[in-house]
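Shown here: start-v2.cif, mmCIF, C-alpha atoms and all ligand atoms; chains and numbers go by the auth columns.
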data_query
loop_
_atom_site.group_PDB
_atom_site.id
_atom_site.type_symbol
_atom_site.label_atom_id
_atom_site.label_comp_id
_atom_site.label_asym_id
_atom_site.label_seq_id
_atom_site.Cartn_x
_atom_site.Cartn_y
_atom_site.Cartn_z
_atom_site.B_iso_or_equiv
_atom_site.auth_seq_id
_atom_site.auth_asym_id
ATOM 1 C CA MET A 1 26.150 -139.027 -53.360 0.00 1 D
ATOM 2 C CA GLN A 2 26.667 -142.778 -53.227 0.00 2 D
ATOM 3 C CA ILE A 3 26.248 -145.026 -50.197 0.00 3 D
ATOM 4 C CA LEU A 4 26.623 -148.790 -50.060 0.00 4 D
ATOM 5 C CA GLY A 5 23.326 -150.426 -49.075 0.00 5 D
ATOM 6 C CA ILE A 6 23.398 -153.944 -47.626 0.00 6 D
ATOM 7 C CA ASP A 7 20.343 -156.054 -46.847 0.00 7 D
ATOM 8 C CA ILE A 8 20.747 -158.993 -44.453 0.00 8 D
ATOM 9 C CA GLY A 9 17.982 -161.476 -45.166 0.00 9 D
ATOM 10 C CA GLY A 10 17.071 -165.008 -44.145 0.00 10 D
ATOM 11 C CA SER A 11 18.474 -166.600 -47.302 0.00 11 D
ATOM 12 C CA GLY A 12 20.785 -164.007 -48.824 0.00 12 D
ATOM 13 C CA ILE A 13 22.884 -160.970 -47.974 0.00 13 D
ATOM 14 C CA LYS A 14 22.622 -158.510 -50.848 0.00 14 D
ATOM 15 C CA GLY A 15 24.252 -155.194 -51.526 0.00 15 D
ATOM 16 C CA ALA A 16 24.856 -152.470 -54.079 0.00 16 D
ATOM 17 C CA PRO A 17 25.995 -148.852 -54.146 0.00 17 D
ATOM 18 C CA VAL A 18 23.003 -146.518 -54.225 0.00 18 D
ATOM 19 C CA ASN A 19 22.645 -143.009 -55.572 0.00 19 D
ATOM 20 C CA VAL A 20 20.728 -141.610 -52.589 0.00 20 D
ATOM 21 C CA GLU A 21 19.418 -138.628 -54.555 0.00 21 D
ATOM 22 C CA THR A 22 17.585 -140.844 -57.069 0.00 22 D
ATOM 23 C CA GLY A 23 17.294 -144.154 -55.207 0.00 23 D
ATOM 24 C CA GLU A 24 18.940 -145.981 -58.094 0.00 24 D
ATOM 25 C CA LEU A 25 21.554 -148.706 -57.797 0.00 25 D
ATOM 26 C CA THR A 26 24.758 -147.581 -59.497 0.00 26 D
ATOM 27 C CA ALA A 27 26.208 -151.080 -59.920 0.00 27 D
ATOM 28 C CA GLU A 28 24.827 -154.573 -60.180 0.00 28 D
ATOM 29 C CA ARG A 29 23.702 -156.141 -56.901 0.00 29 D
ATOM 30 C CA TYR A 30 26.033 -158.668 -55.332 0.00 30 D
ATOM 31 C CA ARG A 31 24.627 -161.539 -53.257 0.00 31 D
ATOM 32 C CA ILE A 32 26.136 -163.955 -50.764 0.00 32 D
ATOM 33 C CA GLU A 33 24.213 -166.856 -49.192 0.00 33 D
ATOM 34 C CA THR A 34 23.342 -166.109 -45.578 0.00 34 D
ATOM 35 C CA PRO A 35 25.708 -168.261 -43.507 0.00 35 D
ATOM 36 C CA SER A 36 24.307 -171.021 -41.349 0.00 36 D
ATOM 37 C CA PRO A 37 24.321 -170.661 -38.410 0.00 37 D
ATOM 38 C CA SER A 38 23.644 -166.949 -38.896 0.00 38 D
ATOM 39 C CA THR A 39 25.948 -165.865 -36.064 0.00 39 D
ATOM 40 C CA PRO A 40 27.136 -162.257 -35.792 0.00 40 D
ATOM 41 C CA GLU A 41 30.707 -163.309 -36.688 0.00 41 D
ATOM 42 C CA LEU A 42 29.761 -165.193 -39.857 0.00 42 D
ATOM 43 C CA VAL A 43 27.161 -162.706 -41.041 0.00 43 D
ATOM 44 C CA THR A 44 29.394 -159.674 -40.510 0.00 44 D
ATOM 45 C CA ASP A 45 32.221 -161.502 -42.326 0.00 45 D
ATOM 46 C CA ALA A 46 29.832 -161.785 -45.276 0.00 46 D
ATOM 47 C CA VAL A 47 28.983 -158.077 -44.977 0.00 47 D
ATOM 48 C CA ALA A 48 32.713 -157.279 -45.060 0.00 48 D
ATOM 49 C CA GLU A 49 33.119 -159.510 -48.134 0.00 49 D
ATOM 50 C CA LEU A 50 30.384 -157.531 -49.855 0.00 50 D
ATOM 51 C CA ALA A 51 32.071 -154.214 -49.037 0.00 51 D
ATOM 52 C CA LYS A 52 35.332 -155.640 -50.366 0.00 52 D
ATOM 53 C CA HIS A 53 33.634 -156.772 -53.575 0.00 53 D
ATOM 54 C CA PHE A 54 32.734 -153.130 -54.275 0.00 54 D
ATOM 55 C CA GLU A 55 36.140 -151.924 -52.956 0.00 55 D
ATOM 56 C CA TRP A 56 34.069 -149.735 -50.654 0.00 56 D
ATOM 57 C CA THR A 57 35.619 -147.119 -48.348 0.00 57 D
ATOM 58 C CA GLY A 58 32.621 -144.784 -47.848 0.00 58 D
ATOM 59 C CA PRO A 59 29.523 -144.966 -45.645 0.00 59 D
ATOM 60 C CA ILE A 60 27.432 -148.134 -45.413 0.00 60 D
ATOM 61 C CA GLY A 61 23.767 -148.580 -44.497 0.00 61 D
ATOM 62 C CA CYS A 62 23.035 -152.133 -43.382 0.00 62 D
ATOM 63 C CA THR A 63 19.707 -153.768 -42.519 0.00 63 D
ATOM 64 C CA PHE A 64 19.091 -156.347 -39.805 0.00 64 D
ATOM 65 C CA PRO A 65 15.983 -158.563 -39.485 0.00 65 D
ATOM 66 C CA GLY A 66 15.233 -157.592 -35.879 0.00 66 D
ATOM 67 C CA VAL A 67 14.960 -154.622 -33.525 0.00 67 D
ATOM 68 C CA VAL A 68 17.873 -152.165 -33.783 0.00 68 D
ATOM 69 C CA ARG A 69 18.212 -149.289 -31.351 0.00 69 D
ATOM 70 C CA ASP A 70 21.249 -147.014 -31.186 0.00 70 D
ATOM 71 C CA GLY A 71 23.289 -149.547 -33.181 0.00 71 D
ATOM 72 C CA LEU A 72 22.473 -152.446 -30.854 0.00 72 D
ATOM 73 C CA THR A 73 20.490 -155.445 -32.107 0.00 73 D
ATOM 74 C CA TRP A 74 17.844 -156.435 -29.606 0.00 74 D
ATOM 75 C CA THR A 75 15.828 -159.318 -31.060 0.00 75 D
ATOM 76 C CA ALA A 76 16.616 -162.273 -33.322 0.00 76 D
ATOM 77 C CA ALA A 77 13.411 -164.064 -34.318 0.00 77 D
ATOM 78 C CA ASN A 78 14.857 -165.490 -37.546 0.00 78 D
ATOM 79 C CA VAL A 79 18.624 -165.328 -36.991 0.00 79 D
ATOM 80 C CA ASP A 80 21.094 -166.720 -34.452 0.00 80 D
ATOM 81 C CA THR A 81 20.340 -165.610 -30.878 0.00 81 D
ATOM 82 C CA GLY A 82 23.948 -164.375 -30.532 0.00 82 D
ATOM 83 C CA TRP A 83 22.677 -161.076 -31.990 0.00 83 D
ATOM 84 C CA ILE A 84 20.586 -160.243 -28.927 0.00 84 D
ATOM 85 C CA GLY A 85 22.109 -157.264 -27.104 0.00 85 D
ATOM 86 C CA LEU A 86 25.026 -157.064 -29.556 0.00 86 D
ATOM 87 C CA ASP A 87 26.763 -153.833 -30.596 0.00 87 D
ATOM 88 C CA ALA A 88 26.215 -154.658 -34.277 0.00 88 D
ATOM 89 C CA HIS A 89 27.127 -151.160 -35.327 0.00 89 D
ATOM 90 C CA ARG A 90 30.603 -151.480 -33.836 0.00 90 D
ATOM 91 C CA LEU A 91 31.156 -155.001 -35.161 0.00 91 D
ATOM 92 C CA VAL A 92 30.285 -154.095 -38.765 0.00 92 D
ATOM 93 C CA GLN A 93 32.311 -150.897 -38.525 0.00 93 D
ATOM 94 C CA ARG A 94 35.352 -152.833 -37.292 0.00 94 D
ATOM 95 C CA LYS A 95 35.096 -155.463 -40.033 0.00 95 D
ATOM 96 C CA THR A 96 34.561 -153.025 -42.903 0.00 96 D
ATOM 97 C CA ASN A 97 36.565 -150.022 -41.681 0.00 97 D
ATOM 98 C CA CYS A 98 33.714 -147.847 -42.947 0.00 98 D
ATOM 99 C CA PRO A 99 31.211 -145.577 -41.178 0.00 99 D
ATOM 100 C CA VAL A 100 28.104 -147.720 -40.674 0.00 100 D
ATOM 101 C CA LEU A 101 24.419 -147.339 -39.854 0.00 101 D
ATOM 102 C CA VAL A 102 22.460 -150.469 -38.865 0.00 102 D
ATOM 103 C CA ILE A 103 18.681 -150.325 -39.267 0.00 103 D
ATOM 104 C CA ASN A 104 15.715 -152.730 -39.061 0.00 104 D
ATOM 105 C CA ASP A 105 15.028 -154.322 -42.461 0.00 105 D
ATOM 106 C CA ALA A 106 11.346 -153.376 -42.681 0.00 106 D
ATOM 107 C CA ASP A 107 12.091 -149.814 -41.540 0.00 107 D
ATOM 108 C CA ALA A 108 14.667 -149.569 -44.346 0.00 108 D
ATOM 109 C CA ALA A 109 12.236 -150.985 -46.924 0.00 109 D
ATOM 110 C CA GLY A 110 9.573 -148.543 -45.737 0.00 110 D
ATOM 111 C CA ILE A 111 11.951 -145.572 -45.995 0.00 111 D
ATOM 112 C CA ALA A 112 12.790 -146.581 -49.586 0.00 112 D
ATOM 113 C CA GLU A 113 9.109 -146.844 -50.513 0.00 113 D
ATOM 114 C CA MET A 114 8.257 -143.515 -48.856 0.00 114 D
ATOM 115 C CA HIS A 115 11.003 -141.672 -50.733 0.00 115 D
ATOM 116 C CA PHE A 116 11.204 -143.462 -54.076 0.00 116 D
ATOM 117 C CA GLY A 117 8.286 -145.882 -54.340 0.00 117 D
ATOM 118 C CA ALA A 118 4.653 -146.509 -53.498 0.00 118 D
ATOM 119 C CA GLY A 119 4.571 -144.088 -50.531 0.00 119 D
ATOM 120 C CA ARG A 120 5.876 -140.951 -52.286 0.00 120 D
ATOM 121 C CA HIS A 121 3.988 -137.787 -51.300 0.00 121 D
ATOM 122 C CA GLN A 122 1.717 -139.787 -48.974 0.00 122 D
ATOM 123 C CA GLY A 123 0.637 -138.021 -45.792 0.00 123 D
ATOM 124 C CA GLY A 124 -1.280 -139.438 -42.848 0.00 124 D
ATOM 125 C CA THR A 125 -0.538 -142.884 -41.459 0.00 125 D
ATOM 126 C CA VAL A 126 1.206 -145.265 -43.834 0.00 126 D
ATOM 127 C CA ILE A 127 2.067 -148.825 -42.795 0.00 127 D
ATOM 128 C CA MET A 128 4.497 -150.944 -44.756 0.00 128 D
ATOM 129 C CA ILE A 129 4.221 -154.686 -44.170 0.00 129 D
ATOM 130 C CA THR A 130 6.850 -157.063 -45.573 0.00 130 D
ATOM 131 C CA LEU A 131 5.807 -160.678 -46.055 0.00 131 D
ATOM 132 C CA GLY A 132 8.907 -162.871 -46.156 0.00 132 D
ATOM 133 C CA THR A 133 10.607 -165.320 -43.798 0.00 133 D
ATOM 134 C CA GLY A 134 9.000 -163.271 -41.039 0.00 134 D
ATOM 135 C CA ILE A 135 6.584 -160.348 -41.133 0.00 135 D
ATOM 136 C CA GLY A 136 8.227 -156.942 -40.934 0.00 136 D
ATOM 137 C CA SER A 137 6.515 -153.599 -40.409 0.00 137 D
ATOM 138 C CA ALA A 138 7.214 -149.891 -40.603 0.00 138 D
ATOM 139 C CA ILE A 139 4.848 -147.134 -39.468 0.00 139 D
ATOM 140 C CA PHE A 140 5.006 -143.588 -40.882 0.00 140 D
ATOM 141 C CA LEU A 141 3.078 -140.522 -39.825 0.00 141 D
ATOM 142 C CA ASN A 142 3.307 -137.722 -42.394 0.00 142 D
ATOM 143 C CA GLY A 143 6.512 -139.284 -43.684 0.00 143 D
ATOM 144 C CA HIS A 144 8.140 -139.692 -40.272 0.00 144 D
ATOM 145 C CA LEU A 145 9.105 -143.195 -39.179 0.00 145 D
ATOM 146 C CA LEU A 146 8.229 -144.707 -35.809 0.00 146 D
ATOM 147 C CA PRO A 147 11.105 -147.217 -35.698 0.00 147 D
ATOM 148 C CA ASN A 148 10.985 -150.894 -34.665 0.00 148 D
ATOM 149 C CA ALA A 149 7.222 -151.334 -34.798 0.00 149 D
ATOM 150 C CA GLU A 150 7.409 -155.195 -34.781 0.00 150 D
ATOM 151 C CA LEU A 151 3.821 -155.798 -35.892 0.00 151 D
ATOM 152 C CA GLY A 152 4.850 -159.231 -37.174 0.00 152 D
ATOM 153 C CA HIS A 153 4.690 -160.476 -33.611 0.00 153 D
ATOM 154 C CA LEU A 154 1.135 -159.399 -32.877 0.00 154 D
ATOM 155 C CA GLN A 155 -0.751 -162.354 -31.429 0.00 155 D
ATOM 156 C CA ILE A 156 -3.595 -163.689 -33.546 0.00 156 D
ATOM 157 C CA ARG A 157 -5.629 -166.618 -32.198 0.00 157 D
ATOM 158 C CA GLY A 158 -2.865 -167.184 -29.636 0.00 158 D
ATOM 159 C CA LYS A 159 -0.087 -167.372 -32.217 0.00 159 D
ATOM 160 C CA ASP A 160 2.620 -165.035 -33.456 0.00 160 D
ATOM 161 C CA ALA A 161 1.226 -163.415 -36.636 0.00 161 D
ATOM 162 C CA GLU A 162 4.365 -164.271 -38.613 0.00 162 D
ATOM 163 C CA HIS A 163 3.877 -167.937 -37.742 0.00 163 D
ATOM 164 C CA ARG A 164 0.446 -167.804 -39.369 0.00 164 D
ATOM 165 C CA ALA A 165 0.712 -165.458 -42.323 0.00 165 D
ATOM 166 C CA SER A 166 4.325 -164.954 -43.494 0.00 166 D
ATOM 167 C CA ALA A 167 5.324 -165.938 -47.030 0.00 167 D
ATOM 168 C CA ARG A 168 7.418 -168.730 -45.528 0.00 168 D
ATOM 169 C CA ILE A 169 4.312 -170.306 -43.991 0.00 169 D
ATOM 170 C CA ARG A 170 2.571 -170.316 -47.384 0.00 170 D
ATOM 171 C CA GLU A 171 5.513 -172.172 -48.883 0.00 171 D
ATOM 172 C CA GLU A 172 6.150 -174.560 -45.990 0.00 172 D
ATOM 173 C CA LYS A 173 2.516 -175.558 -45.693 0.00 173 D
ATOM 174 C CA ALA A 174 1.935 -175.425 -49.458 0.00 174 D
ATOM 175 C CA LEU A 175 -1.163 -173.266 -48.874 0.00 175 D
ATOM 176 C CA SER A 176 -3.319 -172.190 -51.809 0.00 176 D
ATOM 177 C CA TRP A 177 -3.419 -168.445 -52.487 0.00 177 D
ATOM 178 C CA LYS A 178 -7.005 -168.443 -51.227 0.00 178 D
ATOM 179 C CA ARG A 179 -6.169 -170.211 -47.958 0.00 179 D
ATOM 180 C CA TRP A 180 -3.108 -168.058 -47.321 0.00 180 D
ATOM 181 C CA GLY A 181 -4.993 -164.957 -48.488 0.00 181 D
ATOM 182 C CA ALA A 182 -7.545 -165.562 -45.731 0.00 182 D
ATOM 183 C CA LEU A 183 -4.777 -165.638 -43.115 0.00 183 D
ATOM 184 C CA VAL A 184 -3.202 -162.493 -44.531 0.00 184 D
ATOM 185 C CA ASN A 185 -6.619 -160.828 -44.578 0.00 185 D
ATOM 186 C CA GLU A 186 -7.148 -161.598 -40.888 0.00 186 D
ATOM 187 C CA TYR A 187 -3.750 -160.098 -40.166 0.00 187 D
ATOM 188 C CA PHE A 188 -4.318 -156.879 -42.146 0.00 188 D
ATOM 189 C CA GLN A 189 -7.768 -156.418 -40.615 0.00 189 D
ATOM 190 C CA TYR A 190 -6.234 -156.641 -37.151 0.00 190 D
ATOM 191 C CA VAL A 191 -3.497 -154.105 -37.968 0.00 191 D
ATOM 192 C CA GLU A 192 -6.158 -151.839 -39.485 0.00 192 D
ATOM 193 C CA PHE A 193 -8.271 -152.140 -36.343 0.00 193 D
ATOM 194 C CA LEU A 194 -5.274 -150.998 -34.256 0.00 194 D
ATOM 195 C CA PHE A 195 -3.973 -148.128 -36.421 0.00 195 D
ATOM 196 C CA SER A 196 -6.547 -147.159 -39.108 0.00 196 D
ATOM 197 C CA PRO A 197 -3.845 -146.268 -41.635 0.00 197 D
ATOM 198 C CA ASN A 198 -4.574 -144.346 -44.844 0.00 198 D
ATOM 199 C CA LEU A 199 -2.353 -146.662 -46.848 0.00 199 D
ATOM 200 C CA PHE A 200 -0.847 -150.141 -46.593 0.00 200 D
ATOM 201 C CA ILE A 201 2.239 -150.892 -48.699 0.00 201 D
ATOM 202 C CA VAL A 202 2.907 -154.605 -49.065 0.00 202 D
ATOM 203 C CA GLY A 203 6.504 -155.726 -49.656 0.00 203 D
ATOM 204 C CA GLY A 204 8.606 -158.866 -49.594 0.00 204 D
ATOM 205 C CA GLY A 205 9.356 -161.162 -52.532 0.00 205 D
ATOM 206 C CA VAL A 206 5.760 -162.389 -52.672 0.00 206 D
ATOM 207 C CA SER A 207 4.498 -158.844 -53.348 0.00 207 D
ATOM 208 C CA LYS A 208 5.343 -159.242 -57.028 0.00 208 D
ATOM 209 C CA LYS A 209 2.480 -161.774 -57.112 0.00 209 D
ATOM 210 C CA TYR A 210 0.123 -159.368 -55.351 0.00 210 D
ATOM 211 C CA ASP A 211 -2.677 -160.027 -57.835 0.00 211 D
ATOM 212 C CA LYS A 212 -2.888 -163.596 -56.451 0.00 212 D
ATOM 213 C CA PHE A 213 -3.702 -162.595 -52.861 0.00 213 D
ATOM 214 C CA PHE A 214 -4.798 -158.930 -52.790 0.00 214 D
ATOM 215 C CA PRO A 215 -8.346 -159.971 -53.834 0.00 215 D
ATOM 216 C CA TYR A 216 -8.692 -161.756 -50.469 0.00 216 D
ATOM 217 C CA ILE A 217 -7.653 -158.723 -48.403 0.00 217 D
ATOM 218 C CA ASP A 218 -10.656 -156.667 -47.384 0.00 218 D
ATOM 219 C CA VAL A 219 -9.585 -153.442 -45.655 0.00 219 D
ATOM 220 C CA ARG A 220 -10.822 -149.847 -45.812 0.00 220 D
ATOM 221 C CA ALA A 221 -7.307 -148.460 -46.288 0.00 221 D
ATOM 222 C CA GLU A 222 -5.769 -148.245 -49.718 0.00 222 D
ATOM 223 C CA LEU A 223 -3.618 -151.327 -50.357 0.00 223 D
ATOM 224 C CA VAL A 224 -0.715 -151.232 -52.833 0.00 224 D
ATOM 225 C CA PRO A 225 2.271 -153.439 -53.640 0.00 225 D
ATOM 226 C CA ALA A 226 5.778 -152.129 -52.966 0.00 226 D
ATOM 227 C CA LEU A 227 7.455 -150.709 -56.047 0.00 227 D
ATOM 228 C CA LEU A 228 11.101 -151.294 -55.220 0.00 228 D
ATOM 229 C CA ARG A 229 10.615 -155.019 -54.611 0.00 229 D
ATOM 230 C CA ASN A 230 13.919 -156.738 -53.874 0.00 230 D
ATOM 231 C CA ASP A 231 15.924 -153.542 -53.753 0.00 231 D
ATOM 232 C CA ALA A 232 13.894 -151.752 -51.072 0.00 232 D
ATOM 233 C CA GLY A 233 16.107 -152.846 -48.142 0.00 233 D
ATOM 234 C CA ILE A 234 19.316 -151.901 -49.951 0.00 234 D
ATOM 235 C CA VAL A 235 17.999 -148.503 -51.068 0.00 235 D
ATOM 236 C CA GLY A 236 16.382 -147.647 -47.717 0.00 236 D
ATOM 237 C CA ALA A 237 19.444 -148.582 -45.668 0.00 237 D
ATOM 238 C CA ALA A 238 21.660 -146.473 -47.931 0.00 238 D
ATOM 239 C CA TYR A 239 19.219 -143.541 -47.762 0.00 239 D
ATOM 240 C CA ALA A 240 19.024 -143.755 -43.955 0.00 240 D
ATOM 241 C CA ALA A 241 22.836 -143.632 -43.739 0.00 241 D
ATOM 242 C CA ARG A 242 23.005 -140.202 -45.470 0.00 242 D
ATOM 243 C CA ASP A 243 23.670 -138.487 -42.175 0.00 243 D
ATOM 244 C CA LEU A 244 26.984 -140.354 -41.868 0.00 244 D
ATOM 245 C CA VAL A 245 28.380 -138.274 -44.703 0.00 245 D
HETATM 246 C C1 LIG B . 11.524 -159.374 -36.903 0.00 1 C
HETATM 247 C C2 LIG B . 11.443 -157.979 -37.490 0.00 1 C
HETATM 248 C C3 LIG B . 11.791 -158.033 -38.965 0.00 1 C
HETATM 249 C C4 LIG B . 10.908 -159.037 -39.672 0.00 1 C
HETATM 250 C C5 LIG B . 11.256 -159.191 -41.136 0.00 1 C
HETATM 251 C C6 LIG B . 10.608 -160.293 -37.678 0.00 1 C
HETATM 252 O O1 LIG B . 10.669 -161.583 -37.157 0.00 1 C
HETATM 253 O O2 LIG B . 11.136 -159.378 -35.539 0.00 1 C
HETATM 254 O O3 LIG B . 12.318 -157.119 -36.821 0.00 1 C
HETATM 255 O O4 LIG B . 11.626 -156.764 -39.522 0.00 1 C
HETATM 256 O O5 LIG B . 10.989 -160.313 -39.055 0.00 1 C
HETATM 257 O O6 LIG B . 12.560 -159.658 -41.306 0.00 1 C
#
Translate this structure into structure tokens?
Amino acid sequence: MQILGIDIGGSGIKGAPVNVETGELTAERYRIETPSPSTPELVTDAVAELAKHFEWTGPIGCTFPGVVRDGLTWTAANVDTGWIGLDAHRLVQRKTNCPVLVINDADAAGIAEMHFGAGRHQGGTVIMITLGTGIGSAIFLNGHLLPNAELGHLQIRGKDAEHRASARIREEKALSWKRWGALVNEYFQYVEFLFSPNLFIVGGGVSKKYDKFFPYIDVRAELVPALLRNDAGIVGAAYAARDLV
């Protein structure tokens, strides 16, 4: 069964059809620059353009970089505030004429890793953390997701964690791996203190350079890089939308 997965990110909106039995993309990814401002109208137009590119008429799973409950988007830390309280599910459905599921981006990435990547066959508490423009999180207990965990907004030293330790901060402040690694370490130690997970899975573009900063992270839990890298959001959103079929 194939479902179109779409990942709305800070810089790009990416999509591809996914074989949800294997987690593989069945066509090359297509990417559109995230519009600026990232208003619901402009972003959902881009989502519709993506669906059109694949001549898609079937179900779509679509990520959003904020809280999503029952199809409504509730926060917008890194996108236009017009998304707050919006019926995103209905808007995307109207623009694409396809059945749609909207899901938090980190939850989608976590689902992909749990089914096809670094979290396969992992019981106990697993926490996926994505280090990107913001910090995303997904918590699993014996494979079951607790949605919208929002651990990127934990307060550390009086500041939002994602304003201290996201990948964007490393780039903007041109921090060395060691300096940034120390900030990331403080963050992971705090999350570990709160949840004592068995496993941390670290995603986001920077996770492909995990060997540069993992040495600075000192936690008791096992710590592994995500395996699906850039495709995790696409694959997880498509997988989560299976029930639409
Ligand atoms: C948002 C999360 C999102 C994360 C990664 C945070 O600012 O609040 O919902 O998962 O960024 O995009």
| So which residues touch Ala165 in chain D within 7 Å, counting all atoms listed in the file, skipping near sequence neighbours fewer than 6 positions away, as JSON, numbers by chain? | {"D": [180, 183, 184]}
| field | Explicit residues for the PyMOL selection byres (((not hetatm)) within 9 of (chain C and resi 1)) (as a count of residues only) | value | 35
Quick check on the file I pasted: which residues fall under the PyMOL selection byres (((chain D and resi 227) around 12) and not hetatm)? Write them as a PDB file with C-alpha atoms, in the coordinates of the input.
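Contents of result-v6.pdb, freshly written:
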ATOM      1  CA  GLY D  23      17.294-144.154 -55.207  1.00  0.00           C
ATOM      2  CA  ALA D 109      12.236-150.985 -46.924  1.00  0.00           C
ATOM      3  CA  GLY D 110       9.573-148.543 -45.737  1.00  0.00           C
ATOM      4  CA  ALA D 112      12.790-146.581 -49.586  1.00  0.00           C
ATOM      5  CA  GLU D 113       9.109-146.844 -50.513  1.00  0.00           C
ATOM      6  CA  MET D 114       8.257-143.515 -48.856  1.00  0.00           C
ATOM      7  CA  HIS D 115      11.003-141.672 -50.733  1.00  0.00           C
ATOM      8  CA  PHE D 116      11.204-143.462 -54.076  1.00  0.00           C
ATOM      9  CA  GLY D 117       8.286-145.882 -54.340  1.00  0.00           C
ATOM     10  CA  ALA D 118       4.653-146.509 -53.498  1.00  0.00           C
ATOM     11  CA  GLY D 119       4.571-144.088 -50.531  1.00  0.00           C
ATOM     12  CA  ARG D 120       5.876-140.951 -52.286  1.00  0.00           C
ATOM     13  CA  MET D 128       4.497-150.944 -44.756  1.00  0.00           C
ATOM     14  CA  ILE D 201       2.239-150.892 -48.699  1.00  0.00           C
ATOM     15  CA  VAL D 202       2.907-154.605 -49.065  1.00  0.00           C
ATOM     16  CA  GLY D 203       6.504-155.726 -49.656  1.00  0.00           C
ATOM     17  CA  GLY D 204       8.606-158.866 -49.594  1.00  0.00           C
ATOM     18  CA  GLY D 205       9.356-161.162 -52.532  1.00  0.00           C
ATOM     19  CA  SER D 207       4.498-158.844 -53.348  1.00  0.00           C
ATOM     20  CA  LYS D 208       5.343-159.242 -57.028  1.00  0.00           C
ATOM     21  CA  TYR D 210       0.123-159.368 -55.351  1.00  0.00           C
ATOM     22  CA  VAL D 224      -0.715-151.232 -52.833  1.00  0.00           C
ATOM     23  CA  PRO D 225       2.271-153.439 -53.640  1.00  0.00           C
ATOM     24  CA  ALA D 226       5.778-152.129 -52.966  1.00  0.00           C
ATOM     25  CA  LEU D 228      11.101-151.294 -55.220  1.00  0.00           C
ATOM     26  CA  ARG D 229      10.615-155.019 -54.611  1.00  0.00           C
ATOM     27  CA  ASN D 230      13.919-156.738 -53.874  1.00  0.00           C
ATOM     28  CA  ASP D 231      15.924-153.542 -53.753  1.00  0.00           C
ATOM     29  CA  ALA D 232      13.894-151.752 -51.072  1.00  0.00           C
ATOM     30  CA  GLY D 233      16.107-152.846 -48.142  1.00  0.00           C
ATOM     31  CA  VAL D 235      17.999-148.503 -51.068  1.00  0.00           C
TER      32      VAL D 235
END
Answer key for the PyMOL selection byres (((chain D and resi 17) around 9) and not hetatm), residues as a CSV table (one decimal) with C-alpha atoms, in the frame of the given file:
chain,number,residue,atom,x,y,z
D,2,GLN,CA,26.7,-142.8,-53.2
D,3,ILE,CA,26.2,-145.0,-50.2
D,4,LEU,CA,26.6,-148.8,-50.1
D,5,GLY,CA,23.3,-150.4,-49.1
D,6,ILE,CA,23.4,-153.9,-47.6
D,15,GLY,CA,24.3,-155.2,-51.5
D,16,ALA,CA,24.9,-152.5,-54.1
D,18,VAL,CA,23.0,-146.5,-54.2
D,19,ASN,CA,22.6,-143.0,-55.6
D,24,GLU,CA,18.9,-146.0,-58.1
D,25,LEU,CA,21.6,-148.7,-57.8
D,26,THR,CA,24.8,-147.6,-59.5
D,27,ALA,CA,26.2,-151.1,-59.9
D,28,GLU,CA,24.8,-154.6,-60.2
D,29,ARG,CA,23.7,-156.1,-56.9
D,54,PHE,CA,32.7,-153.1,-54.3
D,56,TRP,CA,34.1,-149.7,-50.7
D,60,ILE,CA,27.4,-148.1,-45.4
D,234,ILE,CA,19.3,-151.9,-50.0
D,235,VAL,CA,18.0,-148.5,-51.1
D,238,ALA,CA,21.7,-146.5,-47.9
Need the axis-aligned box for range 181-195 of chain D with 6 Å each side, so what are the centre and edges in Å to one decimal, as lines of an AutoDock Vina configuration file?
center_x = -5.7
center_y = -156.9
center_z = -41.4
size_x = 17.1
size_y = 29.5
size_z = 26.2
| message | To one decimal place in Å, what is the distance between CA of Ile139 in chain D and CA of Gln93 in chain D? | response | 27.7 Å
| note | Between D:Met1, D:Ile127, D:Leu101, D:Ile217, smallest distance to Ala182 in chain D by all atoms listed in the file belongs to D:Ile217
| field | Atom-to-atom span, CA of Thr81 in chain D and CA of Leu145 in chain D, Å | value |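 One can read the CA of Thr81 in chain D to CA of Leu145 in chain D distance as 26.4 Å.
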| Atomic distance CA of Val126 in chain D - CA of Ala108 in chain D, expressed in Å with one decimal |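 These atoms are spaced 14.1 Å apart.
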| request: Might you pull out every residue within 12 Å of Gly82 in chain D, with all atoms listed in the file counted and same-chain residues fewer than 3 positions away left off, and present them as number ranges by chain? | output: D: 37-43, 73-79, 85-88
| Got a sec to check which residues sit within 7 Å of (21.6, -163.9, -46.9), counting only C-alpha atoms, and write them as an MDAnalysis selection string? | chainID D and resid 8:14 32:35
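Minimum distance to Ser196 in chain D across D:Ala174, D:Leu141, D:Leu146, D:Ile169 (counting all atoms listed in the file) occurs at D:Leu141.
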